[in-house]
file work.cif (mmCIF, C-alpha atoms)
data_final
#
loop_
_atom_site.label_atom_id
_atom_site.label_comp_id
_atom_site.auth_asym_id
_atom_site.auth_seq_id
_atom_site.Cartn_x
_atom_site.Cartn_y
_atom_site.Cartn_z
CA MET A 16 -2.67 7.81 -9.81
CA THR A 17 -5.26 6.99 -7.18
CA SER A 18 -4.47 4.04 -4.95
CA PRO A 19 -7.05 1.22 -4.54
CA ALA A 20 -7.73 2.28 -0.97
CA THR A 21 -8.41 5.86 -2.06
CA THR A 22 -10.56 4.75 -4.97
CA SER A 23 -12.79 2.58 -2.85
CA ALA A 24 -13.15 5.31 -0.24
CA ALA A 25 -14.05 7.91 -2.86
CA ALA A 26 -16.65 5.59 -4.35
CA LEU A 27 -18.70 5.64 -1.13
CA THR A 28 -21.64 8.00 -1.04
CA VAL A 29 -21.25 10.74 1.55
CA GLY A 30 -23.49 10.07 4.51
CA ALA A 31 -24.50 6.62 3.28
CA PRO A 32 -23.99 3.61 5.53
CA ASN A 33 -21.06 1.40 4.61
CA PRO A 34 -22.38 -2.13 3.97
CA SER A 35 -20.49 -5.16 5.17
CA VAL A 36 -18.06 -6.72 2.72
CA PRO A 37 -20.14 -9.91 2.09
CA THR A 38 -23.27 -7.81 1.52
CA ALA A 39 -21.49 -5.50 -0.91
CA VAL A 40 -19.99 -8.44 -2.82
CA LEU A 41 -23.37 -10.17 -3.12
CA ARG A 42 -24.95 -6.94 -4.31
CA ASP A 43 -22.30 -6.49 -6.98
CA LEU A 44 -22.61 -10.12 -8.07
CA ARG A 45 -26.36 -9.65 -8.53
CA ALA A 46 -25.71 -6.50 -10.56
CA LEU A 47 -23.18 -8.39 -12.71
CA ARG A 48 -25.64 -11.21 -13.30
CA ALA A 49 -28.30 -8.70 -14.35
CA ARG A 50 -25.88 -7.08 -16.81
CA ILE A 51 -24.99 -10.48 -18.30
CA ARG A 52 -28.67 -11.33 -18.76
CA ALA A 53 -29.20 -7.97 -20.48
CA LEU A 54 -26.57 -8.72 -23.14
CA ALA A 55 -27.71 -9.54 -26.64
CA PRO A 56 -27.24 -13.25 -27.54
CA GLY A 57 -24.57 -12.43 -30.15
CA GLU A 58 -22.58 -10.25 -27.76
CA LEU A 59 -22.80 -12.87 -25.00
CA ALA A 60 -21.59 -15.55 -27.44
CA VAL A 61 -18.54 -13.41 -28.33
CA HIS A 62 -17.64 -12.99 -24.65
CA LEU A 63 -18.01 -16.72 -23.98
CA LEU A 64 -15.93 -17.56 -27.06
CA THR A 65 -13.19 -15.18 -25.90
CA ALA A 66 -13.13 -16.77 -22.44
CA GLY A 67 -13.06 -20.26 -23.96
CA LEU A 68 -10.19 -19.45 -26.32
CA PHE A 69 -8.20 -17.87 -23.49
CA ALA A 70 -8.75 -20.99 -21.35
CA VAL A 71 -7.59 -23.29 -24.16
CA LEU A 72 -4.57 -21.21 -25.17
CA PHE A 73 -3.26 -20.54 -21.68
CA ALA A 74 -4.32 -23.67 -19.78
CA LYS A 75 -0.75 -25.02 -19.71
CA PRO A 76 0.89 -21.78 -18.43
CA PHE A 77 -1.86 -21.49 -15.81
CA MET A 78 -1.35 -25.04 -14.54
CA LEU A 79 2.44 -24.59 -14.52
CA LEU A 80 2.04 -21.41 -12.48
CA LEU A 81 -0.26 -23.12 -9.98
CA ASP A 82 2.20 -26.00 -9.68
CA ALA A 83 5.07 -23.58 -9.00
CA TRP A 84 3.07 -21.79 -6.31
CA TRP A 85 2.24 -25.09 -4.64
CA THR A 86 5.59 -26.90 -4.89
CA ASP A 87 8.30 -24.20 -5.14
CA SER A 88 9.12 -22.65 -1.77
CA ASN A 89 10.54 -19.57 -3.53
CA SER A 90 7.16 -18.91 -5.22
CA GLY A 91 4.72 -19.85 -2.48
CA HIS A 92 3.75 -16.21 -1.95
CA GLY A 93 1.81 -16.46 -5.23
CA MET A 94 -0.92 -18.37 -3.35
CA LEU A 95 -1.54 -15.16 -1.40
CA LEU A 96 -0.89 -12.60 -4.14
CA ALA A 97 -3.29 -14.11 -6.70
CA PRO A 98 -6.44 -13.81 -4.51
CA LEU A 99 -5.31 -10.35 -3.37
CA SER A 100 -4.96 -9.28 -6.99
CA LEU A 101 -8.52 -10.36 -7.76
CA TRP A 102 -9.72 -8.45 -4.70
CA PHE A 103 -7.96 -5.26 -5.80
CA VAL A 104 -9.41 -5.61 -9.30
CA TYR A 105 -12.86 -5.78 -7.71
CA LYS A 106 -12.28 -2.89 -5.27
CA SER A 107 -10.70 -0.59 -7.87
CA GLY A 108 -13.51 -1.11 -10.38
CA ILE A 109 -13.68 0.53 -13.78
CA VAL A 110 -11.96 3.89 -14.09
CA LYS A 111 -14.10 6.81 -15.17
CA GLY A 112 -13.82 7.52 -18.88
CA ALA A 113 -12.47 4.06 -19.78
CA ALA A 114 -12.89 3.31 -23.50
CA PRO A 115 -11.90 0.26 -25.59
CA ASN A 116 -8.67 0.32 -27.56
CA HIS A 117 -9.02 -2.55 -30.00
CA GLY A 118 -5.78 -1.90 -31.91
CA VAL A 119 -3.39 -1.94 -28.93
CA GLY A 120 -5.36 -4.68 -27.21
CA MET A 121 -5.24 -7.00 -30.23
CA ALA A 122 -1.50 -6.34 -30.69
CA MET A 123 -0.86 -7.32 -27.05
CA ILE A 124 -2.97 -10.47 -27.38
CA ILE A 125 -1.25 -11.59 -30.60
CA ALA A 126 2.19 -10.93 -29.05
CA ALA A 127 1.18 -12.91 -25.94
CA VAL A 128 0.08 -15.91 -28.03
CA LEU A 129 3.33 -15.82 -30.02
CA PHE A 130 5.41 -15.62 -26.83
CA ARG A 131 3.39 -18.44 -25.29
CA TYR A 132 4.09 -20.92 -28.11
CA ALA A 133 7.67 -19.78 -28.73
CA ALA A 134 8.40 -20.27 -25.02
CA ASP A 135 6.75 -23.69 -25.17
CA LEU A 136 9.07 -24.74 -28.00
CA ALA A 137 12.11 -23.36 -26.14
CA VAL A 138 10.93 -24.79 -22.78
CA GLU A 139 11.23 -21.31 -21.25
CA LEU A 140 8.74 -21.34 -18.37
CA PHE A 141 9.12 -17.72 -17.26
CA VAL A 142 8.11 -16.29 -20.65
CA MET A 143 5.32 -18.87 -21.01
CA ARG A 144 3.81 -17.96 -17.65
CA GLY A 145 4.31 -14.25 -18.28
CA SER A 146 2.53 -14.50 -21.64
CA MET A 147 -0.68 -15.30 -19.78
CA ILE A 148 -0.42 -12.06 -17.78
CA MET A 149 0.32 -10.18 -21.01
CA ALA A 150 -2.77 -11.69 -22.65
CA LEU A 151 -4.92 -10.64 -19.68
CA GLY A 152 -3.55 -7.11 -20.05
CA GLY A 153 -4.40 -7.21 -23.75
CA LEU A 154 -7.98 -8.23 -23.00
CA VAL A 155 -8.29 -5.35 -20.51
CA VAL A 156 -7.02 -2.89 -23.14
CA TRP A 157 -9.34 -4.40 -25.78
CA TYR A 158 -12.45 -4.02 -23.62
CA ALA A 159 -11.63 -0.93 -21.53
CA GLY A 160 -8.49 0.75 -22.88
CA PHE A 161 -4.93 1.33 -21.71
CA ARG A 162 -6.12 3.74 -19.04
CA GLN A 163 -7.95 0.88 -17.34
CA LEU A 164 -4.79 -1.25 -17.42
CA LEU A 165 -2.90 1.57 -15.69
CA HIS A 166 -5.73 1.83 -13.16
CA TRP A 167 -5.20 -1.85 -12.34
CA TRP A 168 -1.43 -1.51 -12.04
CA LEU A 169 -1.38 -2.99 -8.53
CA PRO A 170 -3.07 -6.36 -9.22
CA PHE A 171 -1.09 -6.82 -12.43
CA THR A 172 2.17 -5.99 -10.63
CA LEU A 173 1.41 -8.40 -7.78
CA VAL A 174 0.59 -11.26 -10.15
CA SER A 175 3.72 -10.53 -12.19
CA LEU A 176 5.85 -10.67 -9.02
CA SER A 177 4.38 -14.10 -8.25
CA ILE A 178 5.84 -15.61 -11.45
CA PRO A 179 8.89 -17.74 -10.50
CA ILE A 180 12.25 -16.20 -11.37
CA PRO A 181 14.09 -17.89 -14.27
CA GLU A 182 16.69 -20.44 -13.16
CA VAL A 183 19.50 -18.52 -14.88
CA ILE A 184 18.76 -15.38 -12.84
CA LEU A 185 18.03 -17.45 -9.73
CA ASN A 186 21.43 -19.13 -9.83
CA THR A 187 23.18 -15.84 -10.60
CA VAL A 188 21.58 -13.97 -7.70
CA ALA A 189 21.47 -16.76 -5.11
CA LEU A 190 25.24 -17.22 -4.77
CA PRO A 191 26.08 -13.54 -3.98
CA LEU A 192 23.20 -13.53 -1.48
CA GLN A 193 24.62 -16.67 0.16
CA PHE A 194 28.03 -15.01 0.52
CA THR A 195 26.49 -11.77 1.83
CA ALA A 196 24.40 -13.62 4.44
CA SER A 197 27.50 -15.59 5.46
CA LYS A 198 29.58 -12.41 5.86
CA ILE A 199 26.89 -10.67 7.95
CA GLY A 200 26.36 -13.75 10.12
CA ALA A 201 30.10 -14.25 10.63
CA ALA A 202 30.62 -10.56 11.47
CA LEU A 203 27.85 -10.69 14.10
CA LEU A 204 29.28 -13.90 15.60
CA ALA A 205 32.73 -12.28 15.77
CA TRP A 206 31.13 -9.22 17.40
CA ARG A 207 29.86 -11.56 20.13
CA GLU A 208 33.49 -12.72 20.57
CA ILE A 209 32.84 -16.17 19.10
CA PRO A 210 35.80 -17.58 17.16
CA VAL A 211 34.83 -17.67 13.50
CA MET A 212 36.55 -18.91 10.35
CA MET A 213 34.71 -18.42 7.06
CA HIS A 214 35.33 -20.07 3.69
CA GLY A 215 32.85 -18.80 1.12
CA ASN A 216 29.42 -19.77 2.41
CA VAL A 217 30.79 -22.14 5.08
CA ILE A 218 31.21 -20.74 8.61
CA ASN A 219 33.30 -22.68 11.12
CA ILE A 220 32.62 -22.08 14.81
CA PRO A 221 33.97 -24.10 17.78
CA GLY A 222 32.85 -27.70 17.29
CA GLN A 223 30.33 -26.85 14.58
CA GLN A 224 30.17 -25.95 10.91
CA LEU A 225 27.43 -23.80 9.33
CA PHE A 226 26.72 -24.21 5.64
CA VAL A 227 24.61 -21.38 4.18
CA ALA A 228 22.80 -23.28 1.43
CA GLU A 229 20.97 -21.80 -1.55
CA ALA A 230 17.67 -22.23 0.31
CA CYS A 231 19.12 -20.00 3.06
CA SER A 232 20.35 -17.33 0.67
CA GLY A 233 17.39 -15.10 1.50
CA LEU A 234 16.12 -15.02 -2.08
CA ARG A 235 12.75 -16.39 -0.99
CA SER A 236 12.28 -13.70 1.66
CA LEU A 237 13.60 -11.05 -0.72
CA THR A 238 11.03 -11.79 -3.45
CA ALA A 239 8.22 -12.02 -0.92
CA LEU A 240 9.29 -8.81 0.82
CA LEU A 241 9.47 -6.94 -2.49
CA SER A 242 5.88 -8.00 -3.19
CA LEU A 243 4.83 -6.84 0.25
CA GLY A 244 6.68 -3.56 -0.34
CA VAL A 245 4.66 -2.98 -3.50
CA LEU A 246 1.46 -3.81 -1.61
CA LEU A 247 2.22 -1.58 1.38
CA GLY A 248 3.28 1.26 -0.90
CA ALA A 249 0.02 1.07 -2.86
CA LEU A 250 -2.12 0.95 0.28
CA PHE A 251 -0.44 3.54 2.48
CA LEU A 252 1.58 5.85 0.22
CA ASP A 253 0.27 8.34 -2.34
CA LYS A 254 3.35 9.33 -4.32
CA TRP A 255 5.39 7.20 -6.71
CA PRO A 256 8.81 8.39 -5.43
CA THR A 257 8.05 7.23 -1.88
CA ARG A 258 6.61 3.94 -3.16
CA VAL A 259 9.78 3.25 -5.13
CA LEU A 260 11.88 4.29 -2.12
CA LEU A 261 10.00 1.77 0.06
CA ILE A 262 10.74 -1.03 -2.42
CA LEU A 263 14.42 -0.05 -2.53
CA ILE A 264 14.62 0.00 1.27
CA ALA A 265 12.98 -3.46 1.43
CA ILE A 266 15.98 -4.99 -0.40
CA PRO A 267 18.66 -4.24 2.26
CA ILE A 268 16.13 -5.08 4.99
CA ALA A 269 15.69 -8.59 3.55
CA ILE A 270 19.44 -9.07 3.13
CA LEU A 271 20.27 -7.81 6.64
CA ILE A 272 17.55 -9.89 8.31
CA ASN A 273 18.82 -13.00 6.55
CA GLY A 274 22.33 -12.31 7.84
CA VAL A 275 20.89 -11.95 11.35
CA ARG A 276 19.17 -15.30 10.84
CA VAL A 277 22.53 -16.92 10.04
CA PHE A 278 23.98 -15.34 13.20
CA LEU A 279 21.09 -16.59 15.37
CA THR A 280 21.40 -20.08 13.93
CA GLY A 281 25.09 -20.22 14.77
CA PHE A 282 24.53 -18.71 18.22
CA LEU A 283 21.74 -21.14 19.12
CA ILE A 284 23.64 -24.16 17.75
CA LEU A 285 26.68 -23.24 19.83
CA PHE A 286 24.99 -22.29 23.12
CA VAL A 287 21.66 -24.17 23.08
CA SER A 288 21.63 -27.28 20.89
CA PRO A 289 22.88 -28.44 17.47
CA GLU A 290 19.25 -29.37 16.70
CA MET A 291 18.40 -25.66 16.54
CA GLY A 292 19.89 -25.56 13.04
CA GLN A 293 17.74 -28.36 11.66
CA GLY A 294 14.15 -29.26 10.81
CA PHE A 295 11.22 -27.51 12.43
CA MET A 296 13.27 -25.20 14.64
CA HIS A 297 15.26 -23.90 11.68
CA THR A 298 12.08 -23.35 9.63
CA SER A 299 10.35 -21.61 12.55
CA GLU A 300 13.34 -19.34 12.99
CA GLY A 301 13.13 -18.36 9.32
CA MET A 302 9.41 -17.57 9.62
CA LEU A 303 10.06 -15.48 12.73
CA MET A 304 12.80 -13.50 11.00
CA PHE A 305 10.61 -12.88 7.95
CA GLY A 306 7.91 -11.61 10.32
CA ALA A 307 10.48 -9.20 11.75
CA ALA A 308 11.41 -8.06 8.24
CA PHE A 309 7.74 -7.45 7.45
CA VAL A 310 7.25 -5.41 10.64
CA ILE A 311 10.33 -3.29 9.83
CA THR A 312 9.11 -2.72 6.26
CA ALA A 313 5.66 -1.78 7.54
CA ALA A 314 7.26 0.68 9.97
CA VAL A 315 9.24 2.23 7.10
CA ALA A 316 6.00 2.52 5.09
CA TRP A 317 4.34 4.27 8.05
CA ALA A 318 7.29 6.67 8.39
CA LEU A 319 7.23 7.49 4.66
CA GLY A 320 3.47 8.03 4.84
CA HIS A 321 3.98 10.41 7.76
CA LEU A 322 6.65 12.21 5.73
CA GLU A 323 4.23 12.58 2.81
CA HIS A 324 1.65 14.05 5.19
CA MET A 325 4.17 16.57 6.52
CA VAL A 326 5.13 17.63 2.99
CA ARG A 327 1.46 18.09 2.04
CA ARG A 328 0.81 20.23 5.11
CA ARG A 329 3.89 22.42 4.67
CA PRO A 330 2.66 24.47 1.66
CA HIS A 331 -0.67 25.03 3.41
CA SER A 332 1.16 26.24 6.53
CA LEU A 333 3.26 28.62 4.45
CA GLU A 334 0.09 30.05 2.84
CA LEU A 335 -1.43 30.71 6.26
CA HIS A 336 1.69 32.47 7.51
CA GLY A 337 1.97 34.45 4.28
#
call {"tool": "encode", "arguments": {"input": "work.cif", "output": "structure tokens"}}
result
Amino acid sequence: MTSPATTSAAALTVGAPNPSVPTAVLRDLRALRARIRALAPGELAVHLLTAGLFAVLFAKPFMLLLDAWWTDSNSGHGMLLAPLSLWFVYKSGIVKGAAPNHGVGMAMIIAAVLFRYAADLAVELFVMRGSMIMALGGLVVWYAGFRQLLHWWLPFTLVSLSIPIPEVILNTVALPLQFTASKIGAALLAWREIPVMMHGNVINIPGQQLFVAEACSGLRSLTALLSLGVLLGALFLDKWPTRVLLILIAIPIAILINGVRVFLTGFLILFVSPEMGQGFMHTSEGMLMFGAAFVITAAVAWALGHLEHMVRRRPHSLELHG
């Protein structure tokens, strides 16, 4: 499947000047407005009715999702992923040969509405929020077919990754991550010949005690780094195996970096100041470590892209030698 970057590059006319992004967007908006004006009144009314029904049916899941992005620190990356998803929808455009599939599209929409109200009755927020994404996918299939939905796999994947994880899964995953981060941090402190005694997620060092709380489990950085792995894979890698490999590599990177963060916190508390483990300094340290995790993941993406290039060139080299 063609990546968004490749699609947009292929769409440019050879030899034609590449307009600036604002100019291209304004041009496309004018073209869209002209197409809307060209619609028959009945067809326009159907489109407006569809948009209105979608807004009414999924207003609550939409507001709940916005609230989670704004207030939940584990889901804040959705504020970035949602605009990026819209941008990739715009850049990818409509795939050649797209055709409506009313049967599958209607089935997806009906299922999404049923999930939405069943989740509302059961107070299950994850399914309720996800039903909105499913309904959007159904509308895409209704108007442009399943092939178009596959063409827009990246924006739909990014938006899906921005939906907050259910509390049951969150609580199940957070505790092992806390213990893992504690073990890595304690091992690094011991490597620096600092006396360490660990009890679960509590690390005792001379005169101080580190408590690796749920917020420090690394789950927040893990979910954000997985989303960035999907994004980097789509932009810089061509093959699905290497994209999946990048996502798999991002998981241990996030876990290891969080363990290093625990080590640095203990080291700075012991040798600099106890205040280094609190407030702004602790938050800044977390942001710095996530930046390091992002740089490492980007470097892995570059290396995998280079590997793909070498594999592509190898058959050509063999043909020349043959």
call {"tool": "atom_distance", "arguments": {"input": "work.cif", "atom1": "atom CA of A:Ala113", "atom2": "atom CA of A:Leu151"}}
result
16.5 Å
call {"tool": "resolve_selection", "arguments": {"input": "work.cif", "expression": "the PyMOL selection byres ((chain A and resi 319-325) around 10)", "output": "compact mmCIF listing (two decimals) with C-alpha atoms, in the coordinates of the input"}}
result
# COMPACT_ATOMS: atom_id res chain seq x y z
CA GLY A 248 3.28 1.26 -0.90
CA PHE A 251 -0.44 3.54 2.48
CA LEU A 252 1.58 5.85 0.22
CA ASP A 253 0.27 8.34 -2.34
CA LYS A 254 3.35 9.33 -4.32
CA THR A 257 8.05 7.23 -1.88
CA ARG A 258 6.61 3.94 -3.16
CA LEU A 260 11.88 4.29 -2.12
CA LEU A 261 10.00 1.77 0.06
CA ALA A 313 5.66 -1.78 7.54
CA ALA A 314 7.26 0.68 9.97
CA VAL A 315 9.24 2.23 7.10
CA ALA A 316 6.00 2.52 5.09
CA TRP A 317 4.34 4.27 8.05
CA ALA A 318 7.29 6.67 8.39
CA VAL A 326 5.13 17.63 2.99
CA ARG A 327 1.46 18.09 2.04
CA ARG A 328 0.81 20.23 5.11
CA ARG A 329 3.89 22.42 4.67
CA PRO A 330 2.66 24.47 1.66
call {"tool": "atom_distance", "arguments": {"input": "work.cif", "atom1": "atom CA of A:Ala49", "atom2": "atom CA of A:Val61"}}
result
17.7 Å
call {"tool": "resolve_selection", "arguments": {"input": "work.cif", "expression": "the PyMOL selection byres ((chain A and resi 223) around 9)", "output": "JSON, numbers by chain"}}
result
{"A": [218, 219, 220, 221, 222, 224, 225, 281, 284, 285, 289]}
call {"tool": "resolve_selection", "arguments": {"input": "work.cif", "expression": "the PyMOL selection byres ((chain A and resi 175) around 12)", "output": "PyMOL selection string"}}
result
chain A and resi 80+90+92-93+96-97+100+141-142+144-149+151-152+168-174+176-180+238+241-242+245
call {"tool": "residues_around", "arguments": {"input": "work.cif", "residues": "A:Ile311", "least_positions_apart": "3", "cutoff": "12 Å", "atoms": "all atoms listed in the file", "output": "number ranges by chain"}}
result
A: 240, 243-244, 247, 261, 264-269, 271-272, 304-308, 314-318
call {"tool": "closest_residue", "arguments": {"input": "work.cif", "among": "A:Gln193, A:Gln163, A:Ser88, A:Thr65", "to": "A:Ile109", "atoms": "all atoms listed in the file"}}
result
A:Gln163
call {"tool": "residues_around", "arguments": {"input": "work.cif", "residues": "A:Lys198", "least_positions_apart": "3", "cutoff": "9 Å", "atoms": "all atoms listed in the file", "output": "number ranges by chain"}}
result
A: 193-195, 201-203, 213, 215-216, 218, 274
call {"tool": "atom_distance", "arguments": {"input": "work.cif", "atom1": "atom CA of A:Ile209", "atom2": "atom CA of A:Leu279"}}
result
12.3 Å
call {"tool": "closest_residue", "arguments": {"input": "work.cif", "among": "A:Glu58, A:Glu139, A:Arg276, A:Ile124", "to": "A:Leu79", "atoms": "only C-alpha atoms"}}
result
A:Glu139
call {"tool": "axis_aligned_box", "arguments": {"input": "work.cif", "around": "stretch 301-317 of chain A", "padding_each_side": "8 Å", "output": "lines of an AutoDock Vina configuration file"}}
result
center_x = 8.7
center_y = -7.0
center_z = 8.9
size_x = 24.8
size_y = 38.6
size_z = 23.6
call {"tool": "residues_near_point", "arguments": {"input": "work.cif", "point": "(-11.1, -6.4, -7.6)", "cutoff": "12 Å", "atoms": "only C-alpha atoms", "output": "VMD selection string"}}
result
chain A and resid 19 to 20 22 to 23 40 43 97 to 109 166 to 171
call {"tool": "write_last_selection", "arguments": {"input": "work.cif", "atoms": "C-alpha atoms", "output": "mmCIF file, keeping the file's coordinate frame"}}
result
data_model
loop_
_atom_site.group_PDB
_atom_site.id
_atom_site.type_symbol
_atom_site.label_atom_id
_atom_site.label_comp_id
_atom_site.auth_asym_id
_atom_site.auth_seq_id
_atom_site.Cartn_x
_atom_site.Cartn_y
_atom_site.Cartn_z
ATOM 1 C CA PRO A 19 -7.050 1.220 -4.540
ATOM 2 C CA ALA A 20 -7.730 2.280 -0.970
ATOM 3 C CA THR A 22 -10.560 4.750 -4.970
ATOM 4 C CA SER A 23 -12.790 2.580 -2.850
ATOM 5 C CA VAL A 40 -19.990 -8.440 -2.820
ATOM 6 C CA ASP A 43 -22.300 -6.490 -6.980
ATOM 7 C CA ALA A 97 -3.290 -14.110 -6.700
ATOM 8 C CA PRO A 98 -6.440 -13.810 -4.510
ATOM 9 C CA LEU A 99 -5.310 -10.350 -3.370
ATOM 10 C CA SER A 100 -4.960 -9.280 -6.990
ATOM 11 C CA LEU A 101 -8.520 -10.360 -7.760
ATOM 12 C CA TRP A 102 -9.720 -8.450 -4.700
ATOM 13 C CA PHE A 103 -7.960 -5.260 -5.800
ATOM 14 C CA VAL A 104 -9.410 -5.610 -9.300
ATOM 15 C CA TYR A 105 -12.860 -5.780 -7.710
ATOM 16 C CA LYS A 106 -12.280 -2.890 -5.270
ATOM 17 C CA SER A 107 -10.700 -0.590 -7.870
ATOM 18 C CA GLY A 108 -13.510 -1.110 -10.380
ATOM 19 C CA ILE A 109 -13.680 0.530 -13.780
ATOM 20 C CA HIS A 166 -5.730 1.830 -13.160
ATOM 21 C CA TRP A 167 -5.200 -1.850 -12.340
ATOM 22 C CA TRP A 168 -1.430 -1.510 -12.040
ATOM 23 C CA LEU A 169 -1.380 -2.990 -8.530
ATOM 24 C CA PRO A 170 -3.070 -6.360 -9.220
ATOM 25 C CA PHE A 171 -1.090 -6.820 -12.430
#
call {"tool": "closest_residue", "arguments": {"input": "work.cif", "among": "A:Leu237, A:Ala53, A:Gly118, A:Met143", "to": "A:Pro76", "atoms": "all atoms listed in the file"}}
result
A:Met143
call {"tool": "closest_residue", "arguments": {"input": "work.cif", "among": "A:Ala150, A:Ile51, A:Ala122, A:Leu303", "to": "A:Phe69", "atoms": "all atoms listed in the file"}}
result
A:Ala150
call {"tool": "closest_residue", "arguments": {"input": "work.cif", "among": "A:Pro56, A:Pro181, A:Leu72, A:Leu250", "to": "A:Val138", "atoms": "only C-alpha atoms"}}
result
A:Pro181
call {"tool": "closest_residue", "arguments": {"input": "work.cif", "among": "A:Val259, A:Val310, A:Val217, A:Leu81", "to": "A:Gly200", "atoms": "all atoms listed in the file"}}
result
A:Val217
call {"tool": "build_atoms", "arguments": {"input": "work.cif", "residues": "stretch 153-159 of chain A", "atoms": "all heavy atoms", "output": "short mmCIF file (atom, residue, chain, number, x, y, z; two decimals), keeping the file's coordinate frame"}}
result
data_model
loop_
_atom_site.label_atom_id
_atom_site.label_comp_id
_atom_site.auth_asym_id
_atom_site.auth_seq_id
_atom_site.Cartn_x
_atom_site.Cartn_y
_atom_site.Cartn_z
N GLY A 153 -3.85 -7.51 -22.43
CA GLY A 153 -4.40 -7.21 -23.75
C GLY A 153 -5.91 -7.22 -23.77
O GLY A 153 -6.54 -6.38 -24.43
N LEU A 154 -6.51 -8.17 -23.06
CA LEU A 154 -7.98 -8.23 -23.00
C LEU A 154 -8.54 -6.99 -22.29
O LEU A 154 -9.58 -6.46 -22.68
CB LEU A 154 -8.42 -9.50 -22.27
CG LEU A 154 -8.23 -10.81 -23.04
CD1 LEU A 154 -8.55 -12.01 -22.15
CD2 LEU A 154 -9.10 -10.83 -24.29
N VAL A 155 -7.84 -6.56 -21.23
CA VAL A 155 -8.29 -5.35 -20.51
C VAL A 155 -8.25 -4.15 -21.45
O VAL A 155 -9.19 -3.35 -21.50
CB VAL A 155 -7.41 -5.11 -19.27
CG1 VAL A 155 -7.71 -3.75 -18.65
CG2 VAL A 155 -7.65 -6.21 -18.23
N VAL A 156 -7.15 -4.02 -22.21
CA VAL A 156 -7.02 -2.89 -23.14
C VAL A 156 -8.08 -3.00 -24.25
O VAL A 156 -8.67 -1.99 -24.66
CB VAL A 156 -5.60 -2.85 -23.74
CG1 VAL A 156 -5.50 -1.76 -24.81
CG2 VAL A 156 -4.57 -2.59 -22.63
N TRP A 157 -8.34 -4.20 -24.73
CA TRP A 157 -9.34 -4.40 -25.78
C TRP A 157 -10.73 -3.94 -25.33
O TRP A 157 -11.44 -3.25 -26.05
CB TRP A 157 -9.38 -5.87 -26.19
CG TRP A 157 -10.51 -6.23 -27.11
CD1 TRP A 157 -11.79 -6.57 -26.74
CD2 TRP A 157 -10.51 -6.25 -28.54
NE1 TRP A 157 -12.57 -6.83 -27.85
CE2 TRP A 157 -11.80 -6.63 -28.97
CE3 TRP A 157 -9.53 -5.99 -29.50
CZ2 TRP A 157 -12.14 -6.75 -30.32
CZ3 TRP A 157 -9.86 -6.12 -30.84
CH2 TRP A 157 -11.14 -6.49 -31.24
N TYR A 158 -11.10 -4.31 -24.09
CA TYR A 158 -12.45 -4.02 -23.62
C TYR A 158 -12.58 -2.65 -22.96
O TYR A 158 -13.65 -2.03 -23.00
CB TYR A 158 -12.90 -5.09 -22.62
CG TYR A 158 -13.34 -6.37 -23.28
CD1 TYR A 158 -12.56 -7.51 -23.23
CD2 TYR A 158 -14.55 -6.45 -23.96
CE1 TYR A 158 -12.95 -8.69 -23.84
CE2 TYR A 158 -14.96 -7.62 -24.57
CZ TYR A 158 -14.16 -8.74 -24.51
OH TYR A 158 -14.57 -9.90 -25.12
N ALA A 159 -11.49 -2.16 -22.31
CA ALA A 159 -11.63 -0.93 -21.53
C ALA A 159 -10.51 0.08 -21.75
O ALA A 159 -10.55 1.16 -21.15
CB ALA A 159 -11.71 -1.27 -20.04
#
